[in-house]
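Student: Provided herewith: final.tsv, TSV, C-alpha atoms.
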chain	number	residue	atom	x	y	z
A	1472	MET	CA	141.55	165.92	58.53
A	1473	ARG	CA	138.14	167.14	57.26
A	1474	SER	CA	137.35	170.74	58.07
A	1475	PRO	CA	134.15	171.54	60.02
A	1476	GLN	CA	133.20	173.81	57.09
A	1477	SER	CA	132.33	170.85	54.84
A	1478	LEU	CA	129.98	169.45	57.47
A	1479	ARG	CA	128.02	172.66	57.63
A	1480	ASN	CA	127.13	172.51	53.95
A	1481	GLY	CA	124.38	169.95	54.49
A	1482	GLU	CA	126.64	166.95	54.09
A	1483	ILE	CA	125.82	163.98	56.29
A	1484	GLN	CA	128.79	162.74	58.23
A	1485	PRO	CA	129.31	158.98	57.86
A	1486	PRO	CA	129.10	157.06	61.15
A	1487	ARG	CA	132.59	156.55	62.53
A	1488	ILE	CA	131.99	153.71	64.94
A	1489	LEU	CA	130.69	150.49	63.44
A	1490	SER	CA	128.46	148.30	65.52
A	1491	PRO	CA	130.41	145.47	67.25
A	1492	GLN	CA	127.94	143.03	65.69
A	1493	PHE	CA	128.97	144.01	62.18
A	1494	HIS	CA	132.14	142.47	60.81
A	1495	SER	CA	133.16	142.40	57.17
A	1496	THR	CA	133.91	139.07	55.48
A	1497	VAL	CA	137.55	140.11	55.12
A	1498	SER	CA	138.02	140.71	58.86
A	1499	VAL	CA	136.21	137.45	59.72
A	1500	GLN	CA	138.56	135.59	57.35
A	1501	LYS	CA	141.60	137.34	58.82
A	1502	LEU	CA	140.48	136.45	62.34
A	1503	ARG	CA	139.95	132.83	61.31
A	1504	ARG	CA	143.46	132.67	59.86
A	1505	PHE	CA	144.85	134.29	63.01
A	1506	ASN	CA	143.00	131.79	65.23
A	1507	THR	CA	144.24	128.89	63.11
A	1508	LEU	CA	147.82	130.11	63.63
A	1509	ILE	CA	147.25	130.28	67.40
A	1510	LEU	CA	145.74	126.78	67.27
A	1511	ILE	CA	148.85	125.43	65.50
A	1512	PHE	CA	151.10	126.92	68.19
A	1513	ARG	CA	148.85	125.50	70.92
A	1514	VAL	CA	148.97	122.04	69.37
A	1515	ALA	CA	152.78	122.21	69.08
A	1516	SER	CA	153.10	123.46	72.65
A	1517	PHE	CA	150.77	120.69	73.89
A	1518	CYS	CA	152.66	117.95	72.03
A	1519	PHE	CA	156.10	119.02	73.25
A	1520	SER	CA	155.00	119.57	76.87
A	1521	LEU	CA	153.16	116.27	76.97
A	1522	ALA	CA	156.17	114.46	75.47
A	1523	ALA	CA	158.45	116.15	78.05
A	1524	THR	CA	156.13	115.06	80.87
A	1525	ILE	CA	156.01	111.47	79.63
A	1526	PHE	CA	159.78	111.31	79.10
A	1527	MET	CA	160.35	112.55	82.64
A	1528	VAL	CA	157.73	110.40	84.37
A	1529	THR	CA	158.99	107.20	82.72
A	1530	ASN	CA	162.62	107.97	83.64
A	1531	TYR	CA	162.91	105.16	86.18
A	1532	ARG	CA	164.51	101.72	85.75
A	1533	GLY	CA	164.04	99.73	88.97
A	1534	HIS	CA	165.23	100.00	92.56
A	1535	ASN	CA	168.96	100.18	91.91
A	1536	SER	CA	168.73	102.96	89.36
A	1537	PRO	CA	168.35	106.69	89.99
A	1538	ASN	CA	164.77	107.96	90.09
A	1539	TRP	CA	163.63	111.34	88.73
A	1540	LYS	CA	161.49	111.78	91.85
A	1541	ASP	CA	164.64	112.07	93.98
A	1542	PHE	CA	165.67	115.29	92.20
A	1543	ASP	CA	163.82	118.53	92.98
A	1544	ALA	CA	164.58	120.14	89.64
A	1545	PHE	CA	163.31	117.12	87.68
A	1546	ARG	CA	160.09	117.14	89.73
A	1547	PHE	CA	159.78	120.83	88.83
A	1548	VAL	CA	160.32	120.02	85.11
A	1549	PHE	CA	157.63	117.34	85.31
A	1550	ALA	CA	155.13	119.58	87.13
A	1551	ALA	CA	155.67	122.62	84.89
A	1552	ASN	CA	155.41	120.60	81.68
A	1553	GLY	CA	152.32	118.82	83.00
A	1554	ILE	CA	150.62	122.12	83.84
A	1555	VAL	CA	151.49	123.59	80.43
A	1556	ALA	CA	150.26	120.44	78.66
A	1557	VAL	CA	146.88	120.65	80.45
A	1558	TYR	CA	146.65	124.39	79.82
A	1559	SER	CA	147.54	124.01	76.13
A	1560	PHE	CA	144.95	121.26	75.77
A	1561	VAL	CA	142.23	123.50	77.26
A	1562	GLU	CA	143.36	126.39	75.04
A	1563	MET	CA	143.26	124.12	71.99
A	1564	GLY	CA	139.61	123.42	72.80
A	1565	VAL	CA	138.96	127.14	73.22
A	1566	SER	CA	140.61	127.88	69.84
A	1567	VAL	CA	138.64	125.16	68.06
A	1568	TRP	CA	135.41	126.46	69.63
A	1569	GLU	CA	136.23	129.98	68.42
A	1570	ILE	CA	137.06	128.85	64.89
A	1571	LEU	CA	133.87	126.76	64.62
A	1572	LYS	CA	131.37	128.97	66.44
A	1573	GLY	CA	132.86	132.40	65.67
A	1574	THR	CA	132.55	133.51	69.32
A	1575	THR	CA	134.80	133.18	72.33
A	1576	LEU	CA	133.96	130.61	75.02
A	1577	LEU	CA	134.19	133.14	77.86
A	1578	PRO	CA	133.07	136.77	77.44
A	1579	GLU	CA	135.46	138.46	75.00
A	1580	THR	CA	137.16	140.79	77.53
A	1581	VAL	CA	137.76	137.94	79.99
A	1582	GLN	CA	138.97	135.60	77.23
A	1583	VAL	CA	141.65	137.85	75.71
A	1584	TRP	CA	143.07	138.82	79.12
A	1585	PHE	CA	142.83	135.23	80.42
A	1586	ASP	CA	144.78	133.90	77.43
A	1587	PHE	CA	147.49	136.55	77.54
A	1588	GLY	CA	147.92	136.46	81.35
A	1589	HIS	CA	148.17	132.68	81.51
A	1590	ASP	CA	150.49	132.51	78.49
A	1591	GLN	CA	152.89	134.91	80.20
A	1592	VAL	CA	152.82	133.23	83.61
A	1593	PHE	CA	153.16	129.69	82.22
A	1594	ALA	CA	155.96	130.76	79.86
A	1595	TYR	CA	157.95	132.06	82.86
A	1596	LEU	CA	157.10	128.92	84.82
A	1597	LEU	CA	158.19	126.56	82.05
A	1598	LEU	CA	161.39	128.45	81.27
A	1599	SER	CA	162.46	128.50	84.93
A	1600	ALA	CA	161.70	124.77	85.30
A	1601	ASP	CA	163.69	123.92	82.19
A	1602	ALA	CA	166.59	126.15	83.26
A	1603	ALA	CA	166.62	124.47	86.68
A	1604	GLY	CA	166.49	121.06	85.00
A	1605	THR	CA	169.39	121.99	82.72
A	1606	ALA	CA	171.50	123.10	85.67
A	1607	LEU	CA	170.84	119.83	87.49
A	1608	ALA	CA	171.48	117.74	84.37
A	1609	ARG	CA	174.83	119.48	83.82
A	1610	THR	CA	175.82	118.89	87.44
A	1611	LEU	CA	174.81	115.22	87.31
A	1612	ARG	CA	176.91	114.67	84.18
A	1613	GLU	CA	180.08	114.70	86.27
A	1614	THR	CA	178.75	112.42	89.03
A	1615	ASP	CA	178.30	108.68	89.48
A	1616	THR	CA	174.62	109.00	88.58
A	1617	CYS	CA	175.44	109.56	84.92
A	1618	THR	CA	178.54	107.42	84.61
A	1619	GLY	CA	176.70	104.46	86.15
A	1620	GLU	CA	173.33	104.92	84.44
A	1621	ASN	CA	173.82	106.93	81.28
A	1622	ALA	CA	170.29	106.22	79.95
A	1623	PHE	CA	168.79	108.09	82.90
A	1624	CYS	CA	170.74	111.24	82.06
A	1625	ILE	CA	170.03	111.02	78.33
A	1626	GLN	CA	166.30	110.64	78.95
A	1627	SER	CA	166.35	113.62	81.37
A	1628	ASN	CA	168.14	115.72	78.75
A	1629	ILE	CA	165.58	114.78	76.10
A	1630	SER	CA	162.73	115.69	78.45
A	1631	ILE	CA	164.29	119.09	79.19
A	1632	ALA	CA	164.95	119.76	75.50
A	1633	LEU	CA	161.30	118.94	74.69
A	1634	GLY	CA	160.30	121.33	77.49
A	1635	PHE	CA	162.33	124.12	75.85
A	1636	ALA	CA	160.57	123.43	72.54
A	1637	GLY	CA	157.23	123.66	74.38
A	1638	PHE	CA	158.34	126.98	75.85
A	1639	LEU	CA	159.21	128.28	72.39
A	1640	PHE	CA	155.71	127.62	71.04
A	1641	LEU	CA	154.10	128.92	74.22
A	1642	GLY	CA	156.15	132.09	73.70
A	1643	PHE	CA	154.80	132.43	70.13
A	1644	SER	CA	151.24	131.94	71.44
A	1645	SER	CA	151.94	134.59	74.07
A	1646	LEU	CA	153.05	137.04	71.36
A	1647	LEU	CA	149.86	136.44	69.38
A	1648	SER	CA	147.58	136.67	72.41
A	1649	GLY	CA	149.40	139.87	73.43
A	1650	PHE	CA	148.71	141.24	69.96
A	1651	ARG	CA	145.04	140.28	70.39
A	1652	VAL	CA	144.88	142.14	73.72
A	1653	VAL	CA	146.25	145.27	72.03
A	1654	CYS	CA	143.69	144.89	69.19
A	1655	PHE	CA	140.97	144.49	71.79
A	1656	ILE	CA	142.06	147.58	73.72
A	1657	ILE	CA	142.26	149.68	70.55
A	1658	ASN	CA	139.04	148.54	68.86
A	1659	GLY	CA	136.99	147.14	71.72
A	1660	SER	CA	136.77	143.94	69.70
A	1661	ARG	CA	139.14	141.16	68.72
A	1662	PHE	CA	138.02	141.75	65.09
A	1663	HIS	CA	139.59	144.41	62.82
A	1664	LEU	CA	143.04	142.87	62.88
B	1497	MET	CA	127.22	159.58	70.07
B	1498	ARG	CA	126.21	162.93	68.59
B	1499	SER	CA	123.80	162.74	65.70
B	1500	PRO	CA	124.92	164.17	62.35
B	1501	GLN	CA	121.77	166.36	62.48
B	1502	SER	CA	123.20	168.61	65.19
B	1503	LEU	CA	126.27	169.25	63.09
B	1504	ARG	CA	124.19	170.53	60.20
B	1505	ASN	CA	122.65	173.32	62.26
B	1506	GLY	CA	125.66	175.54	61.93
B	1507	GLU	CA	127.43	174.22	64.99
B	1508	ILE	CA	131.18	173.97	64.74
B	1509	GLN	CA	132.52	170.54	65.53
B	1510	PRO	CA	135.42	170.62	68.01
B	1511	PRO	CA	138.65	169.12	66.64
B	1512	ARG	CA	138.93	165.48	67.74
B	1513	ILE	CA	142.62	164.90	67.30
B	1514	LEU	CA	144.89	167.13	69.33
B	1515	SER	CA	148.26	168.04	67.93
B	1516	PRO	CA	151.03	165.78	69.31
B	1517	GLN	CA	152.87	168.94	70.33
B	1518	PHE	CA	150.04	169.97	72.64
B	1519	HIS	CA	149.87	168.28	76.04
B	1520	SER	CA	147.79	169.49	78.99
B	1521	THR	CA	149.48	170.18	82.33
B	1522	VAL	CA	147.56	167.27	83.86
B	1523	SER	CA	148.87	164.72	81.32
B	1524	VAL	CA	152.43	166.06	81.68
B	1525	GLN	CA	152.16	165.67	85.46
B	1526	LYS	CA	150.73	162.15	85.10
B	1527	LEU	CA	153.55	161.19	82.72
B	1528	ARG	CA	156.11	162.59	85.16
B	1529	ARG	CA	154.63	160.53	88.00
B	1530	PHE	CA	154.59	157.45	85.75
B	1531	ASN	CA	158.23	158.01	84.77
B	1532	THR	CA	159.20	158.47	88.41
B	1533	LEU	CA	157.59	155.12	89.23
B	1534	ILE	CA	159.52	153.44	86.40
B	1535	LEU	CA	162.71	155.12	87.67
B	1536	ILE	CA	162.12	153.71	91.19
B	1537	PHE	CA	161.72	150.19	89.76
B	1538	ARG	CA	164.85	150.65	87.62
B	1539	VAL	CA	166.87	151.78	90.65
B	1540	ALA	CA	165.63	148.80	92.70
B	1541	SER	CA	166.36	146.40	89.85
B	1542	PHE	CA	169.84	147.91	89.40
B	1543	CYS	CA	170.66	147.70	93.13
B	1544	PHE	CA	169.57	144.08	93.50
B	1545	SER	CA	171.25	142.88	90.29
B	1546	LEU	CA	174.48	144.68	91.13
B	1547	ALA	CA	174.44	143.24	94.66
B	1548	ALA	CA	173.81	139.75	93.23
B	1549	THR	CA	176.73	140.18	90.80
B	1550	ILE	CA	179.07	141.35	93.56
B	1551	PHE	CA	177.99	138.56	95.94
B	1552	MET	CA	178.66	135.99	93.24
B	1553	VAL	CA	181.98	137.37	91.98
B	1554	THR	CA	183.44	137.58	95.50
B	1555	ASN	CA	182.38	134.03	96.34
B	1556	TYR	CA	185.92	132.65	96.41
B	1557	ARG	CA	188.12	131.97	99.46
B	1558	GLY	CA	191.49	130.70	98.28
B	1559	HIS	CA	192.85	127.69	96.41
B	1560	ASN	CA	191.45	124.97	98.65
B	1561	SER	CA	187.90	126.32	98.59
B	1562	PRO	CA	185.27	125.90	95.87
B	1563	ASN	CA	185.18	128.65	93.27
B	1564	TRP	CA	181.99	129.99	91.69
B	1565	LYS	CA	183.72	129.96	88.28
B	1566	ASP	CA	183.80	126.15	88.38
B	1567	PHE	CA	180.01	125.95	88.25
B	1568	ASP	CA	178.20	126.70	84.98
B	1569	ALA	CA	174.97	127.79	86.64
B	1570	PHE	CA	176.77	130.25	88.94
B	1571	ARG	CA	178.60	131.73	85.97
B	1572	PHE	CA	175.19	132.11	84.29
B	1573	VAL	CA	173.80	133.85	87.43
B	1574	PHE	CA	176.78	136.22	87.42
B	1575	ALA	CA	176.48	137.01	83.70
B	1576	ALA	CA	172.71	137.51	83.71
B	1577	ASN	CA	172.78	139.74	86.80
B	1578	GLY	CA	175.69	141.73	85.36
B	1579	ILE	CA	173.84	142.30	82.09
B	1580	VAL	CA	170.65	143.34	83.91
B	1581	ALA	CA	172.63	145.68	86.19
B	1582	VAL	CA	174.22	147.42	83.18
B	1583	TYR	CA	170.87	147.57	81.35
B	1584	SER	CA	169.07	148.95	84.42
B	1585	PHE	CA	171.78	151.56	84.86
B	1586	VAL	CA	171.38	152.72	81.25
B	1587	GLU	CA	167.59	152.75	81.63
B	1588	MET	CA	167.91	154.78	84.85
B	1589	GLY	CA	169.80	157.38	82.84
B	1590	VAL	CA	167.14	157.30	80.13
B	1591	SER	CA	164.38	157.77	82.74
B	1592	VAL	CA	166.18	160.67	84.43
B	1593	TRP	CA	166.73	162.29	81.02
B	1594	GLU	CA	163.03	161.95	80.22
B	1595	ILE	CA	161.92	163.37	83.58
B	1596	LEU	CA	164.29	166.35	83.30
B	1597	LYS	CA	164.01	167.15	79.58
B	1598	GLY	CA	160.45	165.97	78.92
B	1599	THR	CA	161.49	164.08	75.77
B	1600	THR	CA	162.76	160.57	75.17
B	1601	LEU	CA	166.45	160.02	74.43
B	1602	LEU	CA	165.79	157.97	71.28
B	1603	PRO	CA	162.87	158.73	68.92
B	1604	GLU	CA	159.64	157.98	70.81
B	1605	THR	CA	158.62	154.92	68.75
B	1606	VAL	CA	162.05	153.34	69.06
B	1607	GLN	CA	162.27	154.14	72.77
B	1608	VAL	CA	158.97	152.58	73.89
B	1609	TRP	CA	159.57	149.38	71.88
B	1610	PHE	CA	163.25	149.22	72.91
B	1611	ASP	CA	162.32	149.45	76.60
B	1612	PHE	CA	159.53	146.90	76.42
B	1613	GLY	CA	161.43	144.40	74.26
B	1614	HIS	CA	164.57	144.51	76.40
B	1615	ASP	CA	162.58	144.32	79.65
B	1616	GLN	CA	160.89	141.14	78.43
B	1617	VAL	CA	164.04	139.45	77.13
B	1618	PHE	CA	166.14	140.32	80.18
B	1619	ALA	CA	163.36	139.25	82.56
B	1620	TYR	CA	163.34	135.81	80.91
B	1621	LEU	CA	167.16	135.71	80.98
B	1622	LEU	CA	167.39	136.63	84.65
B	1623	LEU	CA	164.65	134.25	85.74
B	1624	SER	CA	166.20	131.31	83.90
B	1625	ALA	CA	169.64	132.12	85.37
B	1626	ASP	CA	168.27	132.31	88.88
B	1627	ALA	CA	166.27	129.11	88.43
B	1628	ALA	CA	169.39	127.33	87.17
B	1629	GLY	CA	171.38	128.73	90.12
B	1630	THR	CA	168.72	127.54	92.56
B	1631	ALA	CA	168.77	124.03	91.11
B	1632	LEU	CA	172.57	123.89	91.43
B	1633	ALA	CA	172.53	125.34	94.96
B	1634	ARG	CA	169.99	122.72	96.07
B	1635	THR	CA	172.09	119.94	94.55
B	1636	LEU	CA	175.29	121.22	96.19
B	1637	ARG	CA	173.61	121.30	99.61
B	1638	GLU	CA	173.85	117.53	99.85
B	1639	THR	CA	177.47	117.30	98.67
B	1640	ASP	CA	180.87	117.81	100.27
B	1641	THR	CA	181.09	121.29	98.76
B	1642	CYS	CA	178.53	122.63	101.24
B	1643	THR	CA	179.37	120.49	104.23
B	1644	GLY	CA	183.06	121.41	103.94
B	1645	GLU	CA	182.65	125.12	103.05
B	1646	ASN	CA	179.25	126.29	104.21
B	1647	ALA	CA	180.01	130.00	103.67
B	1648	PHE	CA	180.37	129.37	99.91
B	1649	CYS	CA	176.86	127.93	99.71
B	1650	ILE	CA	175.30	130.62	101.88
B	1651	GLN	CA	176.86	133.36	99.77
B	1652	SER	CA	175.64	131.66	96.57
B	1653	ASN	CA	172.14	131.46	98.00
B	1654	ILE	CA	172.17	135.14	98.93
B	1655	SER	CA	173.35	136.06	95.43
B	1656	ILE	CA	170.55	134.02	93.86
B	1657	ALA	CA	167.93	135.49	96.20
B	1658	LEU	CA	169.11	139.01	95.29
B	1659	GLY	CA	168.83	138.01	91.63
B	1660	PHE	CA	165.19	136.98	92.17
B	1661	ALA	CA	164.48	140.36	93.80
B	1662	GLY	CA	166.06	142.03	90.77
B	1663	PHE	CA	163.83	139.95	88.50
B	1664	LEU	CA	160.75	141.05	90.46
B	1665	PHE	CA	161.47	144.74	89.91
B	1666	LEU	CA	162.44	144.15	86.29
B	1667	GLY	CA	159.05	142.42	85.91
B	1668	PHE	CA	157.28	145.49	87.31
B	1669	SER	CA	159.24	147.72	84.92
B	1670	SER	CA	158.24	145.41	82.08
B	1671	LEU	CA	154.54	145.76	83.02
B	1672	LEU	CA	154.83	149.56	83.00
B	1673	SER	CA	156.77	149.68	79.74
B	1674	GLY	CA	154.20	147.30	78.21
B	1675	PHE	CA	151.47	149.67	79.32
B	1676	ARG	CA	153.40	152.53	77.71
B	1677	VAL	CA	153.61	150.61	74.43
B	1678	VAL	CA	149.83	150.11	74.47
B	1679	CYS	CA	149.32	153.85	75.21
B	1680	PHE	CA	151.66	154.66	72.36
B	1681	ILE	CA	149.84	152.36	69.94
B	1682	ILE	CA	146.44	153.79	70.93
B	1683	ASN	CA	147.31	157.49	71.02
B	1684	GLY	CA	150.42	157.70	68.85
B	1685	SER	CA	152.11	159.31	71.83
B	1686	ARG	CA	153.29	158.22	75.27
B	1687	PHE	CA	151.23	161.11	76.69
B	1688	HIS	CA	147.48	160.79	77.48
B	1689	LEU	CA	147.87	158.10	80.10
Could you write out this file's structure as C-alpha cells?
Tutor:
Amino acid sequence: MRSPQSLRNGEIQPPRILSPQFHSTVSVQKLRRFNTLILIFRVASFCFSLAATIFMVTNYRGHNSPNWKDFDAFRFVFAANGIVAVYSFVEMGVSVWEILKGTTLLPETVQVWFDFGHDQVFAYLLLSADAAGTALARTLRETDTCTGENAFCIQSNISIALGFAGFLFLGFSSLLSGFRVVCFIINGSRFHL
Amino acid sequence: MRSPQSLRNGEIQPPRILSPQFHSTVSVQKLRRFNTLILIFRVASFCFSLAATIFMVTNYRGHNSPNWKDFDAFRFVFAANGIVAVYSFVEMGVSVWEILKGTTLLPETVQVWFDFGHDQVFAYLLLSADAAGTALARTLRETDTCTGENAFCIQSNISIALGFAGFLFLGFSSLLSGFRVVCFIINGSRFHL
C-alpha cells in the first residue's frame, strides 16, 4: 500500500476508477470470447431441449397405443423442455446481439440479473421434470405399457435423456451468468473479466 | 470523488483498506444476525429432511404390504433426504461454532465456497429426488398398491412433502451462502455485510 507521505510530495495520484465508457481492447476481446462461450452453451441447451420436446410430442402411435398426454410426468417433461427451448432461443438472440453490438439488449443491471435468475429457476424446473420423467419411465418398464409397446418407452427414455443433456448445458450457462453477476457486483460493469 | 489537488495541500489521506483483523462492533453484530438466520434455515432444513427420512424408512407394514424399498424413486427420496439431514446437521454445528467463537471452522475461503457449493449440489439432489418420488406416487395412485394399502401411499406422500419443505429451506440457505461468497469475493472477508 502507498503511504500518504508520497502523495504529499507534489505527486499526482492516478485516477483509481476508470470511466465505465472506457474499456481496453484486451477486456473487450475477453468479453467477446466469454459471450461466445455462453452462446455455445445456449445453442447446445436449445438443441437438446427442442429435441426432447419433439421426441416427447411425437410419442404417439394411434388410438390403441399409449399416449404421452396420459402421463402427468411426461406432460411435465414436455412443458419444461418446451419452456427451456423458448428461453434458450431468446437468450441466443440476446447473446448474438451483445456480440455484434457490444451492448446488452436490456439495461446492463437488469440483463445480468435476468439471465442468472432465469438460468437458476429453469435449471431447477428442467431437472425436476426430468427426474419425474425418469421415475415414471422406470415404473412403466415393468408394466404392460412397455411390454406391449416397447417403442413408446424407448422414445420416452430418449426424450428424458435429451432433457438431461439440456439441463447440463443450462447448468454451464448458469455458472457463467453467475460469474458475470459477481463481476458486475464487483466492478459495476460486466467488463474487466 | 476527491480531487488529487486536495491531497497535495498537506492533508493526510485516510487509509482505504482496513486490516482484516479489525471489524467494527456493528459489522460483528450484523454478521452474528446473518449467521443466526442461516442457523434457523439449517435447523428447519434438518428437521424436515430427517422427518422425511423417518417417514419413508418406516413405510412398511409386514410381508403382505408394499415396501418402500421395492420402489427406486422412494429409495432415492430416502437417500437424498438422509444425505441432506446429515449435511444440515454438520452445517448446524458449523454455524453454532461460528456464532460462539466468531471464526469459521475451516479456513474462511474454504468454508464459504464449501457451504455454497454443497448447498447448490444438495438442493439439486433433493429436488430431483422429490420430483421423482412425486411422479411415482402419482402413478401408484391409480394402481392396486394404493387402492389395497392406502396408508402406504399417504405416508409416502407425507414423506415427499416434507422433503419439498426441506428443499425450500436448503434453497434459502443456498441464497444466503451465495450472498456470503459474493461478500467474500468483494471484501476478502465475510465481514462488512
Student: For CA of Tyr1558 in chain A and CA of Gly1674 in chain B, determine how far apart the two atoms are, in Å to one decimal place.
Tutor: 24.2 Å
Student: For Gly1589 in chain B, list every protein, DNA or RNA residue within 12 Å, evaluated using all atoms listed in the file, and leave out those in the same chain fewer than 6 positions away; present the list as number ranges by chain.
Tutor: B: 1531, 1534-1536, 1538-1539, 1542, 1582-1583, 1595-1597, 1600-1601
Student: Out of B:Thr1635, B:Val1586, B:Asn1653, B:Glu1645, which residue has the shortest atom-to-atom distance to Ala1544 in chain A when counting only C-alpha atoms?
Tutor: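 Of B:Thr1635, B:Val1586, B:Asn1653, B:Glu1645, the one nearest Ala1544 in chain A is B:Thr1635, counting only C-alpha atoms.
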Student: Please measure the separation of CA of Cys1679 in chain B and CA of Gly1662 in chain B, giving the value in Å to one decimal.
Tutor: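 Between CA of Cys1679 in chain B and CA of Gly1662 in chain B the gap is 25.7 Å.
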Student: Using Å and a single decimal, report how far CA of Gly1588 in chain A sits from CA of Ile1525 in chain A.
Tutor: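 CA of Gly1588 in chain A lies at a distance of 26.3 Å from CA of Ile1525 in chain A.
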Student: Have a look at B:Ala1647, B:Ala1547, B:Val1580, B:Leu1623 and name the one nearest to chain A; count only C-alpha atoms.
Tutor: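 Of the candidates, the smallest distance to chain A is held by B:Leu1623.
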